[in-house]
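Pasted below: data_5.cif, mmCIF, C-alpha atoms and all ligand atoms.
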data_coords
loop_
_atom_site.label_atom_id
_atom_site.label_comp_id
_atom_site.auth_asym_id
_atom_site.auth_seq_id
_atom_site.Cartn_x
_atom_site.Cartn_y
_atom_site.Cartn_z
CA MET J 132 0.00 0.00 0.00
CA ILE J 133 1.06 3.59 -0.62
CA CYS J 134 0.09 5.71 2.33
CA VAL J 135 0.40 9.49 2.38
CA ASP J 136 -0.03 10.60 5.96
CA ARG J 137 -0.76 14.27 6.69
CA MET J 138 1.80 15.44 4.18
CA SER J 139 2.72 19.03 3.42
CA PHE J 140 4.98 20.30 0.68
CA ALA J 141 6.22 23.61 -0.75
CA TYR J 142 8.75 24.36 -3.47
CA GLN J 143 11.60 26.45 -2.14
CA GLY J 144 10.61 30.05 -1.53
CA GLN J 145 6.98 29.42 -2.47
CA SER J 146 3.80 29.14 -0.46
CA PRO J 147 2.66 25.59 0.43
CA LEU J 148 1.30 23.52 -2.43
CA PHE J 149 -0.23 20.92 -0.08
CA SER J 150 -1.07 21.15 3.59
CA ASP J 151 -1.80 18.08 5.56
CA ILE J 152 -3.05 15.84 2.78
CA SER J 153 -3.60 12.11 3.21
CA LEU J 154 -4.37 9.32 0.77
CA THR J 155 -3.98 5.59 0.31
CA LEU J 156 -3.47 3.47 -2.77
CA GLN J 157 -3.75 -0.30 -2.45
CA THR J 158 -2.73 -2.94 -4.94
CA GLY J 159 -5.75 -4.06 -6.94
CA GLU J 160 -7.43 -0.67 -7.05
CA ILE J 161 -7.57 2.17 -9.52
CA VAL J 162 -7.85 5.62 -8.01
CA ALA J 163 -8.49 8.65 -10.20
CA LEU J 164 -7.09 12.06 -9.31
CA ILE J 165 -8.51 15.20 -10.81
CA GLY J 166 -7.66 18.83 -10.10
CA PRO J 167 -7.17 22.14 -11.87
CA ASN J 168 -3.96 23.18 -13.67
CA GLY J 169 -1.27 24.02 -11.16
CA SER J 170 -2.97 22.30 -8.22
CA GLY J 171 0.06 20.04 -7.78
CA LYS J 172 -0.92 16.74 -9.42
CA SER J 173 2.44 16.25 -11.13
CA THR J 174 4.29 17.35 -8.00
CA LEU J 175 2.41 14.69 -6.03
CA THR J 176 3.67 12.01 -8.44
CA LEU J 177 7.26 13.04 -7.70
CA LEU J 178 6.58 12.84 -3.97
CA LEU J 179 5.09 9.36 -4.29
CA ASN J 180 8.28 7.78 -5.53
CA GLY J 181 10.65 9.83 -3.43
CA LEU J 182 12.01 12.21 -6.08
CA LEU J 183 10.72 15.01 -3.83
CA LYS J 184 10.47 14.83 -0.04
CA PRO J 185 7.58 16.05 2.11
CA ALA J 186 8.16 19.14 4.28
CA ALA J 187 5.94 17.60 6.95
CA GLY J 188 4.11 14.29 7.35
CA ARG J 189 5.19 11.01 5.81
CA ILE J 190 4.77 8.93 2.68
CA PHE J 191 5.10 5.17 3.00
CA VAL J 192 5.40 2.67 0.17
CA ASP J 193 4.76 -0.84 1.50
CA GLY J 194 5.90 0.46 4.87
CA MET J 195 9.06 2.13 3.56
CA ASP J 196 9.41 5.85 4.24
CA THR J 197 10.19 7.86 1.08
CA SER J 198 12.36 10.19 3.21
CA ASP J 199 14.62 7.32 4.28
CA PRO J 200 17.64 7.26 1.93
CA ALA J 201 18.08 3.53 2.57
CA CYS J 202 14.66 2.81 0.97
CA GLN J 203 15.08 5.01 -2.08
CA SER J 204 16.06 2.48 -4.72
CA GLU J 205 13.50 -0.11 -3.59
CA ILE J 206 10.75 2.52 -3.65
CA ARG J 207 11.69 3.52 -7.21
CA CYS J 208 11.45 -0.13 -8.25
CA ARG J 209 7.96 -0.41 -6.78
CA VAL J 210 6.44 2.88 -7.92
CA GLY J 211 6.46 3.45 -11.68
CA ILE J 212 5.62 6.88 -12.99
CA LEU J 213 4.44 7.82 -16.40
CA PHE J 214 5.43 11.47 -16.59
CA GLN J 215 3.15 14.06 -18.10
CA ASN J 216 5.65 14.74 -20.86
CA PRO J 217 6.71 11.39 -22.37
CA GLU J 218 9.89 12.94 -23.81
CA HIS J 219 11.32 13.09 -20.29
CA GLN J 220 11.52 9.35 -19.88
CA ILE J 221 12.47 7.92 -23.24
CA VAL J 222 16.12 6.88 -23.11
CA ALA J 223 16.80 4.11 -25.65
CA ASP J 224 17.80 4.30 -29.32
CA THR J 225 14.90 2.28 -30.69
CA VAL J 226 11.27 1.75 -29.78
CA ALA J 227 11.80 -1.97 -29.08
CA GLU J 228 14.86 -1.30 -26.90
CA GLU J 229 12.93 1.26 -24.90
CA ILE J 230 10.34 -1.37 -23.97
CA ALA J 231 13.03 -3.99 -23.35
CA PHE J 232 14.92 -1.65 -21.04
CA GLY J 233 12.57 -2.09 -18.09
CA LEU J 234 12.48 -5.85 -18.61
CA GLU J 235 16.28 -6.02 -18.57
CA LEU J 236 16.23 -4.39 -15.17
CA LEU J 237 14.02 -7.27 -14.03
CA ASN J 238 16.62 -9.79 -15.25
CA MET J 239 13.97 -11.49 -17.37
CA PRO J 240 15.24 -14.41 -19.53
CA ARG J 241 15.94 -13.30 -23.11
CA ALA J 242 13.25 -15.40 -24.87
CA GLU J 243 10.55 -14.31 -22.44
CA MET J 244 11.67 -10.72 -22.77
CA GLN J 245 11.42 -10.79 -26.56
CA GLN J 246 7.95 -12.26 -26.36
CA ARG J 247 6.83 -9.61 -23.88
CA VAL J 248 8.29 -6.82 -26.04
CA THR J 249 6.43 -8.16 -29.09
CA GLU J 250 3.18 -8.35 -27.12
CA LEU J 251 3.50 -4.75 -25.95
CA LEU J 252 4.48 -3.50 -29.43
CA ASN J 253 1.35 -5.14 -30.82
CA GLU J 254 -0.88 -4.00 -28.01
CA PHE J 255 0.12 -0.35 -28.41
CA ASP J 256 0.20 -0.45 -32.20
CA LEU J 257 3.93 0.25 -32.32
CA HIS J 258 5.04 -2.85 -34.19
CA SER J 259 5.80 -1.14 -37.47
CA LEU J 260 7.91 1.40 -35.54
CA ALA J 261 9.91 -1.15 -33.52
CA HIS J 262 13.27 -0.24 -35.05
CA ARG J 263 12.75 3.49 -35.34
CA HIS J 264 14.47 6.03 -33.13
CA PRO J 265 11.98 7.36 -30.54
CA GLU J 266 12.83 10.93 -31.59
CA GLU J 267 11.18 10.23 -34.95
CA LEU J 268 7.81 9.41 -33.40
CA SER J 269 4.81 11.70 -33.19
CA GLY J 270 3.67 12.96 -29.78
CA GLY J 271 0.95 10.33 -29.49
CA GLN J 272 3.30 7.56 -30.60
CA LYS J 273 5.84 8.70 -27.97
CA GLN J 274 3.15 8.64 -25.34
CA ARG J 275 2.12 5.11 -26.33
CA LEU J 276 5.77 4.07 -26.18
CA ALA J 277 6.30 5.63 -22.74
CA ILE J 278 3.16 3.86 -21.49
CA ALA J 279 4.22 0.49 -22.93
CA ALA J 280 7.71 0.86 -21.43
CA THR J 281 6.32 1.82 -18.01
CA LEU J 282 3.86 -1.07 -18.05
CA ALA J 283 6.63 -3.49 -19.04
CA THR J 284 8.42 -3.09 -15.73
CA GLY J 285 7.46 -5.12 -12.70
CA VAL J 286 6.26 -2.22 -10.57
CA SER J 287 3.61 -2.72 -7.87
CA TYR J 288 2.19 0.79 -8.25
CA LEU J 289 1.69 2.81 -11.38
CA VAL J 290 1.17 6.54 -11.39
CA LEU J 291 -0.09 7.72 -14.75
CA ASP J 292 0.10 11.51 -15.11
CA GLU J 293 -2.43 12.54 -17.77
CA PRO J 294 -1.66 9.52 -19.95
CA THR J 295 -4.35 10.24 -22.54
CA ALA J 296 -3.29 13.82 -23.29
CA LEU J 297 -1.77 13.01 -26.68
CA LEU J 298 -3.73 9.86 -27.52
CA ASP J 299 -6.39 9.47 -30.15
CA ARG J 300 -9.54 7.45 -29.56
CA LYS J 301 -7.90 4.13 -30.41
CA GLY J 302 -4.88 4.88 -28.20
CA CYS J 303 -7.23 5.70 -25.29
CA ASP J 304 -9.20 2.48 -25.80
CA THR J 305 -5.98 0.45 -25.78
CA LEU J 306 -4.77 2.17 -22.64
CA PHE J 307 -8.03 1.58 -20.77
CA ARG J 308 -8.06 -2.07 -21.83
CA VAL J 309 -4.50 -2.58 -20.57
CA ILE J 310 -5.19 -0.72 -17.32
CA ASN J 311 -8.20 -2.94 -16.72
CA ARG J 312 -6.14 -6.04 -17.32
CA LEU J 313 -3.43 -4.85 -14.94
CA ARG J 314 -5.69 -3.71 -12.16
CA HIS J 315 -5.63 -7.01 -10.27
CA GLY J 316 -1.93 -7.04 -9.60
CA LYS J 317 -1.15 -3.36 -9.19
CA GLY J 318 -2.31 -0.17 -7.56
CA ILE J 319 -2.94 2.49 -10.18
CA LEU J 320 -3.22 6.24 -9.67
CA PHE J 321 -4.75 7.71 -12.78
CA ILE J 322 -4.37 11.47 -13.12
CA THR J 323 -6.63 13.09 -15.66
CA PRO J 324 -8.17 16.49 -16.40
CA PHE J 325 -11.19 14.75 -17.98
CA PRO J 326 -14.07 13.95 -15.58
CA GLU J 327 -15.49 11.35 -17.98
CA GLU J 328 -12.27 9.32 -17.78
CA THR J 329 -12.53 8.91 -14.02
CA SER J 330 -15.30 6.32 -14.36
CA LEU J 331 -12.74 3.54 -14.80
CA ALA J 332 -11.58 4.12 -11.21
CA GLU J 333 -13.15 2.76 -8.04
CA ARG J 334 -12.32 5.91 -6.12
CA LEU J 335 -12.08 9.57 -7.06
CA LEU J 336 -9.82 12.15 -5.42
CA TYR J 337 -9.99 15.88 -5.97
CA LEU J 338 -6.97 18.11 -5.41
CA ASP J 339 -7.50 21.83 -5.10
CA SER J 340 -6.43 24.79 -2.94
CA ARG J 341 -3.74 22.83 -1.10
CA SER J 342 -6.11 20.12 0.02
CA LEU J 343 -7.12 16.69 -1.21
CA ARG J 344 -10.49 15.11 -0.67
CA GLU J 345 -12.16 11.92 -1.68
CA ILE J 346 -15.48 12.32 -3.46
CA PRO J 347 -18.03 9.90 -1.94
CA GLN J 348 -19.42 7.31 -4.38
CA GLU J 349 -22.92 8.73 -4.32
CA GLU J 350 -21.66 12.22 -5.22
CA ARG J 351 -19.32 11.26 -8.03
CA ARG J 352 -21.79 11.56 -10.85
CA SER J 353 -22.98 15.05 -9.92
CA PHE J 354 -19.43 16.15 -9.06
CA CYS J 355 -18.13 15.13 -12.50
CA ALA J 356 -21.12 16.70 -14.25
CA ALA J 357 -20.42 19.99 -12.45
CA LEU J 358 -16.73 19.86 -13.44
CA GLU J 359 -17.64 19.18 -17.07
CA ASN J 360 -19.94 22.19 -17.05
CA ASP J 361 -17.10 24.34 -15.72
CA GLN J 362 -14.66 23.26 -18.43
N1 LIG M 1 10.33 22.55 -10.03
C1 LIG M 1 9.49 23.50 -9.61
N2 LIG M 1 9.94 24.55 -8.88
C2 LIG M 1 9.09 25.50 -8.44
N3 LIG M 1 7.76 25.47 -8.65
C3 LIG M 1 7.26 24.47 -9.37
C4 LIG M 1 8.09 23.42 -9.88
N4 LIG M 1 7.31 22.52 -10.53
C5 LIG M 1 6.06 23.01 -10.44
N5 LIG M 1 6.02 24.16 -9.74
C6 LIG M 1 4.82 24.96 -9.41
O1 LIG M 1 4.00 24.16 -8.54
C7 LIG M 1 2.62 24.28 -8.90
C8 LIG M 1 2.04 22.90 -9.19
O2 LIG M 1 2.60 22.39 -10.40
P1 LIG M 1 2.25 20.95 -10.93
O3 LIG M 1 2.96 20.77 -12.22
O4 LIG M 1 2.48 19.96 -9.85
O5 LIG M 1 0.65 21.10 -11.16
P2 LIG M 1 -0.35 20.17 -12.00
O6 LIG M 1 -1.57 20.02 -11.16
O7 LIG M 1 0.35 18.94 -12.43
O8 LIG M 1 -0.69 21.09 -13.26
P3 LIG M 1 -1.16 20.65 -14.75
O9 LIG M 1 -2.63 20.36 -14.66
O10 LIG M 1 -0.89 21.87 -15.56
O11 LIG M 1 -0.35 19.47 -15.18
C9 LIG M 1 2.57 25.26 -10.06
O12 LIG M 1 2.25 26.52 -9.55
C10 LIG M 1 3.97 25.24 -10.63
O13 LIG M 1 4.30 26.48 -11.17
MG MG M 2 0.68 18.08 -14.26
#

Go ahead and render the structure in this file as structure tokens.
Amino acid sequence: MICVDRMSFAYQGQSPLFSDISLTLQTGEIVALIGPNGSGKSTLTLLLNGLLKPAAGRIFVDGMDTSDPACQSEIRCRVGILFQNPEHQIVADTVAEEIAFGLELLNMPRAEMQQRVTELLNEFDLHSLAHRHPEELSGGQKQRLAIAATLATGVSYLVLDEPTALLDRKGCDTLFRVINRLRHGKGILFITPFPEETSLAERLLYLDSRSLREIPQEERRSFCAALENDQ
């Protein structure tokens, strides 16, 4: 379980972005997070895997404190982040190698790895681009690649920061299908600006004005309708 316990955070020299927020994410559940531009959604992702440290309160990943330097590498293995801008996380020279990269870290046997890479290339409609340099891809293709590469790793928790931003209809459908398939083994935090996309999640969190609150089940429909009207 990821457990954020009364956490506060501010960037240096700025007023607090969060005060005293708490949340949990268990394996097997999908939690959606929605909030206006600048409310701190992407910052929260960096806190969840220890790239940023809370100013107050604690964040635990399977009982390990993200502020404890001794836990840092294990936490990064357990919490996978799909960054809002896919360019920031593509490192390999070809599309296939990018997907294989995470599997290599898992020490997966070569034959199994190749099979898994092929499956993911097919799933995300990247097969014809397998040997291309990632720089040559379109924005949506890069996003599909970053998603496939993140999903390839053996993380327990996946934080997806606006994963559909650059995807077309077909790319979104593929992503939702894969998320649904993965949901049993992993905890997924799905950040989206689109209220209609939150329906795939069991729980809905709303981040705004430094605080985070969970929207009760019975209010979700009217809450999302009101947000859609505002947009
Ligand atoms: N590295 C940084 N240093 C200082 N301030 C930052 C930094 N990164 C983000 N901020 C500020 O923190 C606030 C929250 O930014 P963040 O990117 O977390 O919001 P967000 O909810 O993800 O926004 P969006 O919906 O646009 O993706 C913004 O006011 C932003 O300017
Ligand atoms: Mg963001």

Using only C-alpha atoms, pick whichever of J:Val309, J:Ile221, J:Met138, J:Cys202 has the shortest atom-to-atom distance to Leu251 (chain J).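 Nearest candidate to Leu251 (chain J) out of J:Val309, J:Ile221, J:Met138, J:Cys202: J:Val309.
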
CA of Glu228 (chain J) and CA of Leu298 (chain J) are how many Å apart?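 Calculated distance between CA of Glu228 (chain J) and CA of Leu298 (chain J) is 21.7 Å.
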
Calculate how many Å separate CA of Thr281 (chain J) from CA of Met239 (chain J), rounding to one decimal.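 Atom-to-atom, CA of Thr281 (chain J) to CA of Met239 (chain J), that is 15.4 Å.
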
Go ahead and compute the interatomic distance for CA of Leu175 (chain J) and CA of Arg352 (chain J), in Å to one decimal. 24.9 Å

When the cut-off is 7 Å and you count only C-alpha atoms and all ligand atoms, which residues lie near ligand LIG 1 (chain M), shown as an mmCIF file with C-alpha atoms, in the frame of the given file?
data_model
loop_
_atom_site.group_PDB
_atom_site.id
_atom_site.type_symbol
_atom_site.label_atom_id
_atom_site.label_comp_id
_atom_site.auth_asym_id
_atom_site.auth_seq_id
_atom_site.Cartn_x
_atom_site.Cartn_y
_atom_site.Cartn_z
ATOM 1 C CA TYR J 142 8.750 24.360 -3.470
ATOM 2 C CA GLN J 143 11.600 26.450 -2.140
ATOM 3 C CA LEU J 148 1.300 23.520 -2.430
ATOM 4 C CA GLY J 166 -7.660 18.830 -10.100
ATOM 5 C CA PRO J 167 -7.170 22.140 -11.870
ATOM 6 C CA ASN J 168 -3.960 23.180 -13.670
ATOM 7 C CA GLY J 169 -1.270 24.020 -11.160
ATOM 8 C CA SER J 170 -2.970 22.300 -8.220
ATOM 9 C CA GLY J 171 0.060 20.040 -7.780
ATOM 10 C CA LYS J 172 -0.920 16.740 -9.420
ATOM 11 C CA SER J 173 2.440 16.250 -11.130
ATOM 12 C CA THR J 174 4.290 17.350 -8.000
ATOM 13 C CA LEU J 175 2.410 14.690 -6.030
ATOM 14 C CA PRO J 324 -8.170 16.490 -16.400
#

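Nearest residue to Val286 (chain J), choosing from J:Gly211, J:Gly318, J:Pro240, J:Pro185 and counting only C-alpha atoms: J:Gly211.
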
For Asn253 (chain J), which residue out of J:Ile230, J:Ala187, J:Ile152, J:Ile206 is the nearest one, using all atoms listed in the file?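 Of J:Ile230, J:Ala187, J:Ile152, J:Ile206, the one nearest Asn253 (chain J), counting all atoms listed in the file, is J:Ile230.
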
Residue among J:Ile161, J:Gly285, J:Gln203, J:Gln246 lying closest to Thr329 (chain J), counting only C-alpha atoms: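 Of J:Ile161, J:Gly285, J:Gln203, J:Gln246, the one nearest Thr329 (chain J) is J:Ile161, counting only C-alpha atoms.
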